[in-house]
Structures are given as structure tokens and as C-alpha cells.
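Novice: As input, take run-v5.cif (mmCIF, C-alpha atoms and all ligand atoms):
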data_query
loop_
_atom_site.group_PDB
_atom_site.id
_atom_site.type_symbol
_atom_site.label_atom_id
_atom_site.label_comp_id
_atom_site.auth_asym_id
_atom_site.auth_seq_id
_atom_site.Cartn_x
_atom_site.Cartn_y
_atom_site.Cartn_z
ATOM 1 C CA MET A 1 138.660 132.219 154.171
ATOM 2 C CA SER A 2 140.239 129.412 152.179
ATOM 3 C CA THR A 3 142.852 130.420 149.590
ATOM 4 C CA ARG A 4 142.634 127.086 147.784
ATOM 5 C CA ILE A 5 141.428 127.265 144.195
ATOM 6 C CA PRO A 6 138.723 124.629 143.587
ATOM 7 C CA LEU A 7 139.324 122.237 140.693
ATOM 8 C CA PRO A 8 137.016 122.959 137.792
ATOM 9 C CA TYR A 9 135.028 119.724 138.019
ATOM 10 C CA GLY A 10 131.904 119.667 135.920
ATOM 11 C CA PRO A 11 128.501 118.929 137.503
ATOM 12 C CA LYS A 12 128.465 115.349 136.188
ATOM 13 C CA VAL A 13 131.746 114.474 137.902
ATOM 14 C CA LEU A 14 130.463 115.888 141.179
ATOM 15 C CA GLU A 15 127.091 114.149 140.853
ATOM 16 C CA ILE A 16 128.695 110.732 140.179
ATOM 17 C CA PHE A 17 131.328 111.280 142.860
ATOM 18 C CA ARG A 18 128.519 111.826 145.369
ATOM 19 C CA ASN A 19 126.490 108.862 144.080
ATOM 20 C CA PRO A 20 128.910 106.374 142.529
ATOM 21 C CA LYS A 21 127.528 103.173 140.990
ATOM 22 C CA ASN A 22 128.933 99.652 141.280
ATOM 23 C CA ILE A 23 131.271 100.453 144.138
ATOM 24 C CA GLY A 24 132.760 97.747 146.354
ATOM 25 C CA ARG A 25 134.510 94.403 146.095
ATOM 26 C CA MET A 26 133.004 91.452 144.265
ATOM 27 C CA ASP A 27 133.468 88.002 145.747
ATOM 28 C CA ASP A 28 132.615 86.055 142.592
ATOM 29 C CA ALA A 29 134.637 88.148 140.144
ATOM 30 C CA THR A 30 136.307 86.297 137.268
ATOM 31 C CA VAL A 31 139.175 88.795 137.147
ATOM 32 C CA ILE A 32 140.466 91.381 139.585
ATOM 33 C CA GLU A 33 143.077 93.894 138.468
ATOM 34 C CA SER A 34 144.533 97.061 139.912
ATOM 35 C CA ALA A 35 146.237 100.107 138.455
ATOM 36 C CA GLY A 36 148.162 102.722 140.366
ATOM 37 C CA SER A 37 149.923 102.523 143.653
ATOM 38 C CA PRO A 38 148.719 102.112 147.222
ATOM 39 C CA ALA A 39 151.859 104.055 148.235
ATOM 40 C CA CYS A 40 150.520 107.398 146.996
ATOM 41 C CA GLY A 41 146.843 106.588 147.313
ATOM 42 C CA ASP A 42 145.997 106.838 143.623
ATOM 43 C CA MET A 43 144.827 103.336 142.978
ATOM 44 C CA ILE A 44 141.843 101.606 141.485
ATOM 45 C CA ARG A 45 140.892 97.962 141.762
ATOM 46 C CA LEU A 46 138.478 96.615 139.203
ATOM 47 C CA TYR A 47 136.345 93.473 139.564
ATOM 48 C CA ILE A 48 134.796 91.895 136.486
ATOM 49 C CA LYS A 49 132.575 88.850 136.201
ATOM 50 C CA VAL A 50 132.660 87.417 132.690
ATOM 51 C CA ARG A 51 130.293 84.903 131.126
ATOM 52 C CA SER A 52 130.646 83.294 127.724
ATOM 53 C CA GLU A 53 127.818 83.628 125.226
ATOM 54 C CA GLY A 54 128.694 81.528 122.200
ATOM 55 C CA ASP A 55 131.918 83.021 120.916
ATOM 56 C CA ARG A 56 131.448 86.255 122.855
ATOM 57 C CA ASP A 57 132.830 86.918 126.317
ATOM 58 C CA VAL A 58 130.461 89.299 128.031
ATOM 59 C CA VAL A 59 130.819 91.434 131.169
ATOM 60 C CA GLU A 60 128.033 90.149 133.375
ATOM 61 C CA LYS A 61 128.815 92.716 136.056
ATOM 62 C CA SER A 62 131.675 94.874 137.248
ATOM 63 C CA SER A 63 132.533 96.887 140.310
ATOM 64 C CA PHE A 64 135.441 98.892 141.658
ATOM 65 C CA GLU A 65 137.254 100.143 144.704
ATOM 66 C CA SER A 66 138.995 103.477 144.331
ATOM 67 C CA TYR A 67 141.680 105.034 146.479
ATOM 68 C CA GLY A 68 141.901 107.997 144.128
ATOM 69 C CA CYS A 69 140.264 111.383 143.887
ATOM 70 C CA ALA A 70 136.739 112.490 142.951
ATOM 71 C CA ALA A 71 137.580 112.272 139.240
ATOM 72 C CA ASN A 72 138.911 108.749 139.630
ATOM 73 C CA ILE A 73 135.786 107.618 141.478
ATOM 74 C CA ALA A 74 133.554 109.210 138.839
ATOM 75 C CA ALA A 75 135.647 107.713 136.009
ATOM 76 C CA ALA A 76 135.553 104.233 137.525
ATOM 77 C CA SER A 77 131.843 104.469 138.195
ATOM 78 C CA ILE A 78 130.995 105.445 134.632
ATOM 79 C CA LEU A 79 133.433 102.857 133.315
ATOM 80 C CA THR A 80 131.610 100.045 135.125
ATOM 81 C CA GLU A 81 128.279 101.310 133.812
ATOM 82 C CA LEU A 82 129.657 101.365 130.272
ATOM 83 C CA VAL A 83 131.137 97.858 130.342
ATOM 84 C CA ASN A 84 128.285 96.034 132.060
ATOM 85 C CA GLY A 85 126.497 93.891 129.473
ATOM 86 C CA ARG A 86 129.103 94.576 126.807
ATOM 87 C CA SER A 87 131.440 92.069 125.195
ATOM 88 C CA LEU A 88 135.087 92.225 126.248
ATOM 89 C CA GLU A 89 135.904 93.290 122.693
ATOM 90 C CA GLU A 90 133.590 96.292 123.033
ATOM 91 C CA ALA A 91 134.928 97.022 126.511
ATOM 92 C CA TRP A 92 138.493 96.896 125.183
ATOM 93 C CA ARG A 93 137.733 99.768 122.782
ATOM 94 C CA ILE A 94 136.811 102.176 125.581
ATOM 95 C CA SER A 95 139.433 104.904 125.840
ATOM 96 C CA TRP A 96 140.330 107.295 128.629
ATOM 97 C CA LYS A 97 139.125 110.141 126.380
ATOM 98 C CA GLN A 98 135.712 108.544 126.012
ATOM 99 C CA ILE A 99 135.423 108.296 129.795
ATOM 100 C CA SER A 100 136.487 111.910 130.154
ATOM 101 C CA ASP A 101 133.914 112.969 127.531
ATOM 102 C CA GLU A 102 131.198 110.925 129.255
ATOM 103 C CA LEU A 103 131.988 112.894 132.396
ATOM 104 C CA GLY A 104 131.529 116.160 130.549
ATOM 105 C CA GLY A 105 135.283 116.670 130.133
ATOM 106 C CA LEU A 106 137.869 116.329 132.875
ATOM 107 C CA PRO A 107 140.336 119.150 133.560
ATOM 108 C CA PRO A 108 143.724 118.280 131.969
ATOM 109 C CA ILE A 109 145.355 117.860 135.379
ATOM 110 C CA LYS A 110 142.823 115.054 135.998
ATOM 111 C CA TYR A 111 143.267 113.114 132.748
ATOM 112 C CA HIS A 112 145.391 110.563 134.581
ATOM 113 C CA CYS A 113 142.416 109.618 136.785
ATOM 114 C CA SER A 114 140.548 108.429 133.713
ATOM 115 C CA ILE A 115 143.712 106.807 132.325
ATOM 116 C CA LEU A 116 144.089 104.864 135.577
ATOM 117 C CA ALA A 117 140.531 103.511 135.340
ATOM 118 C CA VAL A 118 140.882 102.458 131.701
ATOM 119 C CA GLY A 119 144.353 101.029 132.401
ATOM 120 C CA ALA A 120 142.829 98.765 135.061
ATOM 121 C CA LEU A 121 140.123 97.687 132.601
ATOM 122 C CA LYS A 122 142.671 96.797 129.922
ATOM 123 C CA ARG A 123 144.746 94.868 132.442
ATOM 124 C CA ALA A 124 141.661 92.954 133.545
ATOM 125 C CA ILE A 125 140.816 92.022 129.961
ATOM 126 C CA ARG A 126 144.385 90.884 129.300
ATOM 127 C CA ALA A 127 144.344 88.901 132.554
ATOM 128 C CA TYR A 128 141.147 87.164 131.468
ATOM 129 C CA TYR A 129 142.841 85.899 128.299
ATOM 130 C CA LEU A 130 146.160 85.075 129.968
ATOM 131 C CA ASN A 131 145.829 81.295 129.688
ATOM 132 C CA LYS A 132 143.304 81.249 126.873
ATOM 133 C CA ASP A 133 143.480 81.644 123.114
ATOM 134 C CA LYS A 134 143.994 85.343 122.471
ATOM 135 C CA PRO A 135 141.188 86.922 120.439
ATOM 136 C CA HIS A 136 142.210 88.623 117.184
ATOM 137 C CA TRP A 137 141.283 92.085 118.505
ATOM 138 C CA LEU A 138 143.618 91.933 121.521
ATOM 139 C CA PRO A 139 146.870 93.654 120.500
ATOM 140 C CA GLN A 140 150.278 92.408 121.538
ATOM 141 C CA ASP A 141 151.527 95.944 122.163
ATOM 142 C CA LEU A 142 150.450 97.900 125.189
ATOM 143 C CA THR A 143 147.894 100.653 124.658
ATOM 144 C CA LEU A 144 148.486 104.266 125.616
ATOM 145 C CA GLU A 145 146.589 103.792 128.884
ATOM 146 C CA GLU A 146 148.581 100.694 129.850
ATOM 147 C CA LYS A 147 151.918 102.401 129.084
ATOM 148 C CA GLN A 148 150.885 105.481 131.018
ATOM 149 C CA VAL A 149 149.857 103.429 134.060
ATOM 150 C CA LEU A 150 153.157 101.538 133.983
ATOM 151 C CA GLU A 151 155.104 104.790 133.785
ATOM 152 C CA GLU A 152 153.193 106.225 136.721
ATOM 153 C CA GLU A 153 153.683 103.101 138.794
ATOM 154 C CA GLU A 154 157.434 103.128 138.088
ATOM 155 C CA MET A 155 157.669 106.810 138.920
ATOM 156 C CA ILE A 156 155.716 106.327 142.157
ATOM 157 C CA GLU A 157 157.907 103.388 143.119
ATOM 158 C CA ARG A 158 161.079 105.417 142.479
ATOM 159 C CA TYR A 159 159.712 108.425 144.351
ATOM 160 C CA TYR A 160 158.223 106.416 147.182
ATOM 161 C CA GLY A 161 161.358 104.286 147.391
ATOM 162 C CA SER A 162 163.581 107.359 147.685
ATOM 163 C CA MET A 163 161.212 109.021 150.158
ATOM 164 C CA LYS A 164 161.237 105.878 152.264
ATOM 165 C CA ALA A 165 165.070 105.834 152.214
ATOM 166 C CA ILE A 166 165.134 109.446 153.450
ATOM 167 C CA VAL A 167 162.613 108.700 156.193
ATOM 168 C CA ASP A 168 164.556 105.592 157.247
ATOM 169 C CA GLU A 169 167.762 107.643 157.398
ATOM 170 C CA LEU A 170 166.104 110.191 159.671
ATOM 171 C CA LYS A 171 165.024 107.529 162.161
HETATM 172 FE FE1 LIG B 1 145.327 110.601 141.036
HETATM 173 FE FE2 LIG B 1 142.831 111.471 140.593
HETATM 174 S S1 LIG B 1 143.516 109.442 140.808
HETATM 175 S S2 LIG B 1 144.625 112.663 141.070
#
Take the structure in the file and give it back as C-alpha cells.
Ligand code: FES
Specialist:
Amino acid sequence: MSTRIPLPYGPKVLEIFRNPKNIGRMDDATVIESAGSPACGDMIRLYIKVRSEGDRDVVEKSSFESYGCAANIAAASILTELVNGRSLEEAWRISWKQISDELGGLPPIKYHCSILAVGALKRAIRAYYLNKDKPHWLPQDLTLEEKQVLEEEEMIERYYGSMKAIVDELK
């Protein structure tokens, strides 16, 4: 008998994890951004195709690849469903908490999975405007999700770097 305690995922997380939407790479994406680290496996790559409609930049379609857990896959899936057809300004306003709520509430230990997905979205939106006039709604300062993703990536790099040094020493 297994002694592992199952994570308290809600039914919606499990349902979306089993049947994720918009999964896979997109060859004609306008922007591709990642958040997380391939070193530890917690990584999401987001593909967004943007079209301009007058003065609005609209997400024509989006997809993702996830190397994270069930919560990350569910968060990314629902994120792509939420942004498709929306303007980038509307997409920018999506928070990790909103994604968690849409999933019926993630367990606190899994908040970072939603943060990772929204961090990738915010990076993608910033990347889209990199060499364009910045819209008034795009802040200069990093959002909570972007800061959190950066912190995690730095921590992973430090940890992975030190682990790699130990492994190299043992060779
Ligand atoms: Fe890291 Fe879910 S993506 S635990």
C-alpha cells in the first residue's frame, strides 16, 4: 500500500489535466516565451499569435508546452482558453489568482504552477512590444508573477549549479 499522501487537487484540475486544451508548439506564433527552468523540469513555453485590429492587438490563438506538474498543465490550458480572442491589454490583467480560482482553487503548495503560467504570459506580452511603442497599460515595473518567476529561475540556477558542481566533483 502506498504511503504517499495525494495532493488535494480539485476535480477541475484533474479533468483539465487529463484533457488539456491548446497543447503543443505553434509554428506561426508571433511570440514564444518560457518561464521556469528545464533543469528542474518545471517549465512552461507559451506560443501566442497576435493580430492587430485597429488599435487593438488581439490574441488570435495560443498554445503551450508544459514540463511541469498536473497543476501547471491545467493552469496553462485554462490560461490559453482565457486569452484566446482577447486583446493583449485584457490578457495582461489576468493574474495567477484568477487562474487558480478558475481551476476551483489550487492548493497553496501549487500556487507557483499558476504563477509560472501567468509569468510566461506576461513575458510574451512584453516581448511582443519589445521593439514597438509601449501601450499605456504596460507597466515599467515587473509584476508579482514576473518577479516570482525570476526569483525561482535564479534559485534553480544556483541550486542546479551547485548540484552540478557536486556531481562533477564526484566523477
Ligand atoms: Fe512546479 Fe507544478 S510546475 S510543482
Novice: Produce a table with one row for each residue of chain A that has an atom at most 12 Å from any atom of ligand LIG 1 (chain B), each row naming the nearest atom pair and its distance in Å at one decimal; use all atoms listed in the file; arrange rows by chain and rising residue number; format as a Markdown table.
Specialist:
| residue | atom | partner | partner_atom | distance |
| --- | --- | --- | --- | --- |
| A:Leu7 | CA | B:LIG1 | S2 | 11.0 |
| A:Tyr9 | CA | B:LIG1 | FE2 | 11.6 |
| A:Val13 | CA | B:LIG1 | FE2 | 11.8 |
| A:Phe17 | CA | B:LIG1 | FE2 | 11.7 |
| A:Ala35 | CA | B:LIG1 | S1 | 10.0 |
| A:Gly36 | CA | B:LIG1 | S1 | 8.2 |
| A:Ser37 | CA | B:LIG1 | FE1 | 9.7 |
| A:Pro38 | CA | B:LIG1 | FE1 | 11.0 |
| A:Ala39 | CA | B:LIG1 | FE1 | 11.7 |
| A:Cys40 | CA | B:LIG1 | FE1 | 8.5 |
| A:Gly41 | CA | B:LIG1 | FE1 | 7.6 |
| A:Asp42 | CA | B:LIG1 | S1 | 4.6 |
| A:Met43 | CA | B:LIG1 | S1 | 6.6 |
| A:Ile44 | CA | B:LIG1 | S1 | 8.0 |
| A:Arg45 | CA | B:LIG1 | S1 | 11.8 |
| A:Glu65 | CA | B:LIG1 | S1 | 11.9 |
| A:Ser66 | CA | B:LIG1 | S1 | 8.3 |
| A:Tyr67 | CA | B:LIG1 | S1 | 7.4 |
| A:Gly68 | CA | B:LIG1 | S1 | 4.0 |
| A:Cys69 | CA | B:LIG1 | FE2 | 4.2 |
| A:Ala70 | CA | B:LIG1 | FE2 | 6.6 |
| A:Ala71 | CA | B:LIG1 | FE2 | 5.5 |
| A:Asn72 | CA | B:LIG1 | S1 | 4.8 |
| A:Ile73 | CA | B:LIG1 | S1 | 8.0 |
| A:Ala74 | CA | B:LIG1 | FE2 | 9.7 |
| A:Ala75 | CA | B:LIG1 | FE2 | 9.3 |
| A:Ala76 | CA | B:LIG1 | S1 | 10.1 |
| A:Leu106 | CA | B:LIG1 | FE2 | 10.4 |
| A:Pro107 | CA | B:LIG1 | FE2 | 10.7 |
| A:Pro108 | CA | B:LIG1 | S2 | 10.7 |
| A:Ile109 | CA | B:LIG1 | S2 | 7.7 |
| A:Lys110 | CA | B:LIG1 | FE2 | 5.8 |
| A:Tyr111 | CA | B:LIG1 | FE2 | 8.0 |
| A:His112 | CA | B:LIG1 | FE1 | 6.5 |
| A:Cys113 | CA | B:LIG1 | S1 | 4.2 |
| A:Ser114 | CA | B:LIG1 | S1 | 7.8 |
| A:Ile115 | CA | B:LIG1 | S1 | 8.9 |
| A:Leu116 | CA | B:LIG1 | S1 | 7.0 |
| A:Ala117 | CA | B:LIG1 | S1 | 8.6 |
| A:Val118 | CA | B:LIG1 | S1 | 11.8 |
| A:Gly119 | CA | B:LIG1 | S1 | 11.9 |
| A:Val149 | CA | B:LIG1 | FE1 | 11.0 |
| A:Glu152 | CA | B:LIG1 | FE1 | 10.0 |
| A:Glu153 | CA | B:LIG1 | FE1 | 11.4 |
| A:Ile156 | CA | B:LIG1 | FE1 | 11.3 |
Novice: At a cut-off of 10 Å, using all atoms listed in the file, what residues contact segment 54-57 of chain A? Leave out same-chain residues fewer than 3 positions from it and give the result as a PDB file with C-alpha atoms, in the frame of the given file.
Specialist:
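Below is the file that was written, part-v7.pdb:
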ATOM      1  CA  VAL A  50     132.660  87.417 132.690  1.00  0.00           C
ATOM      2  CA  ARG A  51     130.293  84.903 131.126  1.00  0.00           C
ATOM      3  CA  GLU A  60     128.033  90.149 133.375  1.00  0.00           C
ATOM      4  CA  GLY A  85     126.497  93.891 129.473  1.00  0.00           C
ATOM      5  CA  ARG A  86     129.103  94.576 126.807  1.00  0.00           C
ATOM      6  CA  SER A  87     131.440  92.069 125.195  1.00  0.00           C
ATOM      7  CA  LEU A  88     135.087  92.225 126.248  1.00  0.00           C
ATOM      8  CA  GLU A  89     135.904  93.290 122.693  1.00  0.00           C
ATOM      9  CA  GLU A  90     133.590  96.292 123.033  1.00  0.00           C
ATOM     10  CA  TYR A 128     141.147  87.164 131.468  1.00  0.00           C
TER      11      TYR A 128
END
Novice: State, in Å with one decimal place, the distance from atom CA of Ser100 of chain A to atom CA of Glu154 of chain A.
Specialist: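 Computing it gives 24.1 Å between the two atoms.
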Novice: Do you know which residues the PyMOL selection byres (((chain A and resi 126) around 12) and not hetatm) returns on this file, as a PyMOL selection string?
Specialist: chain A and resi 31-33+88-89+91-92+119-125+127-135+137-143+146
Novice: Any chance you could work out the axis-aligned box around segment 13-32 of chain A, listed atoms only, 5 Å on each side, giving centre and edge lengths in Å to one decimal, as JSON?
Specialist:
{"center_x": 133.5, "center_y": 101.0, "center_z": 141.8, "size_x": 24.0, "size_y": 39.8, "size_z": 19.2}
Novice: Figure out the distance between atom CA of Tyr47 of chain A and atom CA of Thr30 of chain A, please, to one decimal in Å.
Specialist: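 Spanning atom CA of Thr30 of chain A to atom CA of Tyr47 of chain A is a straight-line distance of 7.5 Å.
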